[in-house]
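Quick look at my_file-v3.pdb (PDB, C-alpha atoms and all ligand atoms):
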```
ATOM      1  CA  MET A   1     184.878  39.775  93.722
ATOM      2  CA  SER A   2     183.289  37.795  96.511
ATOM      3  CA  GLU A   3     180.358  35.583  95.739
ATOM      4  CA  ALA A   4     176.908  36.143  97.201
ATOM      5  CA  PRO A   5     176.343  33.982 100.277
ATOM      6  CA  GLN A   6     174.442  30.803  99.558
ATOM      7  CA  ALA A   7     171.299  30.107 101.511
ATOM      8  CA  ALA A   8     171.717  27.095 103.771
ATOM      9  CA  SER A   9     169.439  24.243 102.931
ATOM     10  CA  GLY A  10     166.925  22.913 105.442
ATOM     11  CA  ALA A  11     163.926  24.243 107.313
ATOM     12  CA  GLU A  12     163.694  27.951 108.023
ATOM     13  CA  ALA A  13     163.585  28.842 111.726
ATOM     14  CA  PRO A  14     161.047  31.480 112.761
ATOM     15  CA  VAL A  15     162.271  34.842 114.024
ATOM     16  CA  ARG A  16     161.377  34.820 117.711
ATOM     17  CA  ALA A  17     161.402  38.538 118.391
ATOM     18  CA  GLY A  18     161.892  41.722 116.424
ATOM     19  CA  LEU A  19     163.550  44.983 117.368
ATOM     20  CA  ASP A  20     162.457  48.147 115.600
ATOM     21  CA  LEU A  21     165.822  49.827 115.147
ATOM     22  CA  SER A  22     164.350  53.317 114.945
ATOM     23  CA  THR A  23     162.044  53.164 117.992
ATOM     24  CA  GLY A  24     163.833  50.537 120.093
ATOM     25  CA  LEU A  25     160.601  48.597 120.623
ATOM     26  CA  LEU A  26     160.673  44.804 120.847
ATOM     27  CA  SER A  27     157.777  42.797 119.461
ATOM     28  CA  GLY A  28     156.766  39.228 118.791
ATOM     29  CA  PRO A  29     154.641  36.470 120.278
ATOM     30  CA  GLU A  30     157.130  35.797 123.082
ATOM     31  CA  VAL A  31     157.530  39.422 124.133
ATOM     32  CA  VAL A  32     155.819  40.115 127.458
ATOM     33  CA  VAL A  33     154.679  43.661 128.210
ATOM     34  CA  SER A  34     154.352  44.946 131.771
ATOM     35  CA  VAL A  35     153.075  48.397 132.559
ATOM     36  CA  ARG A  36     153.885  50.276 135.740
ATOM     37  CA  ARG A  37     151.467  53.023 136.713
ATOM     38  CA  LEU A  38     151.956  55.932 139.065
ATOM     39  CA  ALA A  39     149.967  54.458 141.972
ATOM     40  CA  SER A  40     152.368  51.496 142.181
ATOM     41  CA  LEU A  41     155.298  53.833 142.820
ATOM     42  CA  ARG A  42     153.746  55.507 145.848
ATOM     43  CA  ASP A  43     156.126  53.844 148.300
ATOM     44  CA  TYR A  44     159.137  54.773 146.187
ATOM     45  CA  VAL A  45     158.746  58.512 145.690
ATOM     46  CA  ARG A  46     160.022  61.256 147.982
ATOM     47  CA  GLU A  47     156.658  63.012 148.152
ATOM     48  CA  PRO A  48     153.786  60.478 148.129
ATOM     49  CA  GLU A  49     151.337  63.240 149.092
ATOM     50  CA  VAL A  50     152.145  64.998 145.807
ATOM     51  CA  LEU A  51     151.666  61.741 143.912
ATOM     52  CA  ASP A  52     148.203  61.488 145.501
ATOM     53  CA  THR A  53     147.165  64.654 143.647
ATOM     54  CA  MET A  54     148.160  63.141 140.278
ATOM     55  CA  ASP A  55     146.507  60.617 137.929
ATOM     56  CA  ALA A  56     147.019  57.306 139.742
ATOM     57  CA  ASP A  57     146.478  55.359 136.492
ATOM     58  CA  GLY A  58     149.001  57.356 134.517
ATOM     59  CA  GLU A  59     151.678  55.190 132.944
ATOM     60  CA  VAL A  60     155.191  55.823 134.219
ATOM     61  CA  TYR A  61     156.977  53.051 132.339
ATOM     62  CA  ARG A  62     156.521  49.830 130.454
ATOM     63  CA  VAL A  63     158.895  46.957 129.883
ATOM     64  CA  LEU A  64     158.780  44.793 126.746
ATOM     65  CA  ALA A  65     160.751  41.684 127.636
ATOM     66  CA  PHE A  66     162.037  38.798 125.524
ATOM     67  CA  GLU A  67     163.251  36.106 127.894
ATOM     68  CA  PRO A  68     164.130  32.872 126.048
ATOM     69  CA  ALA A  69     164.471  31.043 129.395
ATOM     70  CA  PRO A  70     162.429  31.636 132.551
ATOM     71  CA  GLU A  71     163.827  34.000 135.179
ATOM     72  CA  GLY A  72     166.403  32.266 137.350
ATOM     73  CA  VAL A  73     166.998  29.389 134.922
ATOM     74  CA  PRO A  74     170.429  29.448 133.225
ATOM     75  CA  GLY A  75     170.970  29.091 129.495
ATOM     76  CA  ALA A  76     169.730  32.252 127.793
ATOM     77  CA  VAL A  77     170.440  35.907 127.239
ATOM     78  CA  CYS A  78     167.402  38.071 127.915
ATOM     79  CA  CYS A  79     166.637  41.519 126.650
ATOM     80  CA  ALA A  80     164.014  44.145 127.282
ATOM     81  CA  THR A  81     163.007  47.581 126.106
ATOM     82  CA  THR A  82     162.029  50.039 128.817
ATOM     83  CA  VAL A  83     159.947  53.049 127.793
ATOM     84  CA  LEU A  84     160.051  55.562 130.647
ATOM     85  CA  GLN A  85     157.736  58.552 130.319
ATOM     86  CA  PRO A  86     158.843  62.119 131.079
ATOM     87  CA  GLY A  87     157.364  63.686 134.179
ATOM     88  CA  ARG A  88     157.967  64.435 137.828
ATOM     89  CA  VAL A  89     156.412  63.905 141.214
ATOM     90  CA  GLY A  90     157.161  67.281 142.757
ATOM     91  CA  ASP A  91     160.782  67.908 141.804
ATOM     92  CA  GLU A  92     161.633  64.215 141.431
ATOM     93  CA  TYR A  93     161.890  62.913 137.873
ATOM     94  CA  PHE A  94     159.962  59.760 136.932
ATOM     95  CA  PHE A  95     162.106  56.677 137.543
ATOM     96  CA  THR A  96     162.112  52.890 137.465
ATOM     97  CA  ARG A  97     161.851  51.077 140.802
ATOM     98  CA  GLY A  98     165.415  49.827 140.671
ATOM     99  CA  HIS A  99     166.807  46.535 141.908
ATOM    100  CA  TYR A 100     169.803  44.406 142.695
ATOM    101  CA  HIS A 101     170.255  41.215 140.765
ATOM    102  CA  ALA A 102     169.406  38.158 142.824
ATOM    103  CA  ALA A 103     172.594  36.494 141.564
ATOM    104  CA  GLU A 104     175.218  38.894 142.914
ATOM    105  CA  ASP A 105     177.779  37.969 140.264
ATOM    106  CA  ARG A 106     175.566  38.877 137.305
ATOM    107  CA  PRO A 107     176.052  42.144 135.369
ATOM    108  CA  GLU A 108     173.873  43.899 132.792
ATOM    109  CA  LEU A 109     174.241  46.098 129.740
ATOM    110  CA  GLU A 110     172.023  49.080 128.918
ATOM    111  CA  VAL A 111     171.871  50.742 125.497
ATOM    112  CA  VAL A 112     169.976  54.000 125.066
ATOM    113  CA  VAL A 113     167.881  54.426 121.928
ATOM    114  CA  ARG A 114     166.172  57.708 122.592
ATOM    115  CA  GLY A 115     165.813  60.377 125.265
ATOM    116  CA  GLU A 116     167.857  61.605 128.183
ATOM    117  CA  GLY A 117     168.302  60.028 131.572
ATOM    118  CA  PHE A 118     170.377  59.319 134.623
ATOM    119  CA  LEU A 119     171.414  55.736 135.306
ATOM    120  CA  VAL A 120     171.665  55.681 139.094
ATOM    121  CA  LEU A 121     173.918  53.008 140.552
ATOM    122  CA  ARG A 122     174.831  51.928 144.049
ATOM    123  CA  GLY A 123     176.661  49.065 145.663
ATOM    124  CA  ALA A 124     175.638  47.495 148.954
ATOM    125  CA  ASP A 125     178.393  49.492 150.705
ATOM    126  CA  THR A 126     178.853  52.469 148.397
ATOM    127  CA  ALA A 127     177.032  55.757 147.971
ATOM    128  CA  ALA A 128     174.992  56.251 144.803
ATOM    129  CA  TRP A 129     176.539  57.647 141.639
ATOM    130  CA  TYR A 130     175.195  58.070 138.125
ATOM    131  CA  GLU A 131     176.010  57.910 134.441
ATOM    132  CA  PRO A 132     174.259  60.271 132.004
ATOM    133  CA  MET A 133     172.157  58.412 129.424
ATOM    134  CA  LEU A 134     171.933  59.785 125.887
ATOM    135  CA  PRO A 135     170.913  58.259 122.540
ATOM    136  CA  GLY A 136     173.577  55.682 121.686
ATOM    137  CA  SER A 137     175.211  55.581 125.102
ATOM    138  CA  VAL A 138     176.134  52.117 126.400
ATOM    139  CA  HIS A 139     176.274  51.396 130.126
ATOM    140  CA  HIS A 140     177.698  48.450 131.970
ATOM    141  CA  VAL A 141     176.089  47.642 135.302
ATOM    142  CA  PRO A 142     178.697  45.677 137.242
ATOM    143  CA  PRO A 143     177.760  42.660 139.375
ATOM    144  CA  GLY A 144     176.374  43.536 142.794
ATOM    145  CA  VAL A 145     175.318  47.035 141.757
ATOM    146  CA  ALA A 146     171.707  48.196 142.080
ATOM    147  CA  HIS A 147     170.382  50.199 139.153
ATOM    148  CA  ARG A 148     167.537  52.631 138.600
ATOM    149  CA  VAL A 149     166.859  54.932 135.646
ATOM    150  CA  ALA A 150     165.327  58.418 135.796
ATOM    151  CA  ASN A 151     164.017  60.281 132.757
ATOM    152  CA  VAL A 152     165.409  63.816 132.938
ATOM    153  CA  GLY A 153     164.271  64.875 129.472
ATOM    154  CA  GLU A 154     161.036  65.970 127.894
ATOM    155  CA  GLU A 155     160.372  62.937 125.703
ATOM    156  CA  PRO A 156     160.079  59.234 126.523
ATOM    157  CA  LEU A 157     163.397  57.635 127.443
ATOM    158  CA  VAL A 158     163.836  54.341 125.602
ATOM    159  CA  PHE A 159     166.624  51.927 126.440
ATOM    160  CA  LEU A 160     167.467  48.284 125.950
ATOM    161  CA  SER A 161     168.749  46.023 128.719
ATOM    162  CA  PHE A 162     170.574  42.715 128.321
ATOM    163  CA  TRP A 163     171.155  40.189 131.113
ATOM    164  CA  ALA A 164     171.579  36.453 131.590
ATOM    165  CA  SER A 165     168.462  34.434 132.353
ATOM    166  CA  GLU A 166     169.878  33.052 135.619
ATOM    167  CA  THR A 167     170.282  36.607 136.974
ATOM    168  CA  GLY A 168     166.982  37.082 138.824
ATOM    169  CA  HIS A 169     165.713  40.372 140.257
ATOM    170  CA  ASP A 170     165.678  41.400 143.899
ATOM    171  CA  TYR A 171     163.486  44.425 144.643
ATOM    172  CA  VAL A 172     163.332  44.070 148.420
ATOM    173  CA  ALA A 173     166.454  45.962 149.514
ATOM    174  CA  ILE A 174     165.788  48.957 147.264
ATOM    175  CA  ALA A 175     162.088  49.097 148.202
ATOM    176  CA  ARG A 176     163.227  49.225 151.833
ATOM    177  CA  ASP A 177     166.382  51.366 151.693
ATOM    178  CA  GLY A 178     166.240  53.237 148.385
ATOM    179  CA  PHE A 179     169.423  54.494 146.742
ATOM    180  CA  GLY A 180     170.288  57.105 149.378
ATOM    181  CA  ALA A 181     169.903  59.688 146.594
ATOM    182  CA  ARG A 182     167.232  60.924 144.192
ATOM    183  CA  VAL A 183     167.238  62.545 140.788
ATOM    184  CA  ARG A 184     165.625  65.922 141.348
ATOM    185  CA  CYS A 185     165.182  69.169 139.489
ATOM    186  CA  VAL A 186     167.413  71.752 141.162
ATOM    187  CA  GLY A 187     167.423  75.266 139.715
ATOM    188  CA  GLY A 188     165.828  73.936 136.527
ATOM    189  CA  ARG A 189     168.407  71.195 136.019
ATOM    190  CA  PRO A 190     168.545  67.521 136.986
ATOM    191  CA  ALA A 191     170.857  66.590 139.834
ATOM    192  CA  LEU A 192     171.506  63.508 141.947
ATOM    193  CA  VAL A 193     170.710  64.734 145.431
ATOM    194  CA  ALA A 194     171.693  62.714 148.513
ATOM    195  CA  GLY A 195     168.871  61.902 150.894
ATOM    196  CA  PRO A 196     166.343  59.243 151.747
TER
HETATM  197  C1  LIG B   1     165.666  46.332 133.281
HETATM  198  C2  LIG B   1     164.587  46.779 134.281
HETATM  199  C3  LIG B   1     163.577  47.768 133.703
HETATM  200  C4  LIG B   1     162.497  48.191 134.720
HETATM  201  O1  LIG B   1     165.120  45.568 132.249
HETATM  202  O2  LIG B   1     163.946  45.629 134.795
HETATM  203  O3  LIG B   1     164.242  48.927 133.245
HETATM  204  O4  LIG B   1     163.047  48.546 135.953
HETATM  205  P1  LIG B   1     162.633  47.776 137.304
HETATM  206  O5  LIG B   1     162.762  46.299 136.999
HETATM  207  O6  LIG B   1     163.628  48.241 138.309
HETATM  208  O7  LIG B   1     161.221  48.133 137.619
HETATM  209  C5  LIG B   1     166.690  45.546 134.086
HETATM  210  O8  LIG B   1     167.423  46.139 134.839
HETATM  211  N1  LIG B   1     166.692  44.221 134.010
HETATM  212  O9  LIG B   1     167.524  43.481 134.760
HETATM  213 ZN    ZN B   2     168.693  44.687 136.106
END
```
Would you mind giving the structure from this file in structure tokens?
Amino acid sequence: MSEAPQAASGAEAPVRAGLDLSTGLLSGPEVVVSVRRLASLRDYVREPEVLDTMDADGEVYRVLAFEPAPEGVPGAVCCATTVLQPGRVGDEYFFTRGHYHAAEDRPELEVVVRGEGFLVLRGADTAAWYEPMLPGSVHHVPPGVAHRVANVGEEPLVFLSFWASETGHDYVAIARDGFGARVRCVGGRPALVAGP
């Protein structure tokens, strides 16, 4: 029979962040929460005039981030929970802005806790494609690939992301060019539809 592990002697280090394994939510004094509301996505959606008829202050998503080193500085692995609400602007499902990584050789891992989504991916010279997101699905975002998530279900979509602290985020190209495709409701079902 193996013996119970002995506690190491010495000072106890504080736990820096906690992950609720049932909800996927990160918490702790170092976790930074940012909330993105509908009005801030006006330039991203296909039908801004439809967005204008909706609650501008409505929350679309929030990110709970634990970044042990500042963005762009090497030496840490960062993680974040994204909680993306269900909803649509016209026939377009709520989505995250999407970005390339500033460091083109840096990948990312996404782990879905709850909900249903499309992980939309595109390279600088490739058309967009997607992976379906389901509870427990794990997704690798290769280096140089822009990524955006759409919630295609009826409950909040919760997923964890992991990336290296030196990665950095570049929103400019996607804000300007988009993904060349959008996740829309077609005949009652979500589909990745090519178009601006
Ligand atoms: C994620 C995203 C998060 C929000 O943590 O930052 O889902 O999406 P936007 O940053 O595109 O608004 C990630 O991809 N980190 O690198
Ligand atoms: Zn990323």
Which protein, DNA or RNA residues have an atom within 9 Å of ligand LIG 1 (chain B), counting only C-alpha atoms and all ligand atoms, as a PyMOL selection string? chain A and resi 36+61-65+78-84+95-101+107-110+141+146-149+159-164+167-171
Selected residue of minimal separation from A:Val50 among A:Asp91, A:Asp20, A:Glu67, A:Glu30, counting only C-alpha atoms: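 For A:Val50, the nearest of the candidates is A:Asp91.
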Computed interatomic separation between atom CA of A:Ser165 and atom CA of A:Gly136 (Å):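 Taking atom CA of A:Ser165 as the start and atom CA of A:Gly136 as the end point, the length is 24.3 Å.
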Neighbours of point (174.5, 56.6, 125.6) within 10 Å, using all atoms listed in the file, written as an NGL selection string: :A and (110-117 or 131-139 or 159)
Given only C-alpha atoms as the basis, pick out the residue of A:Gly180, A:Gly153, A:Met54, A:Leu26 nearest to A:Asp125.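 Nearest candidate to A:Asp125 out of A:Gly180, A:Gly153, A:Met54, A:Leu26: A:Gly180.
When atom CA of A:Tyr93 is paired with atom CA of A:Arg184, their separation reads 5.9 Å.
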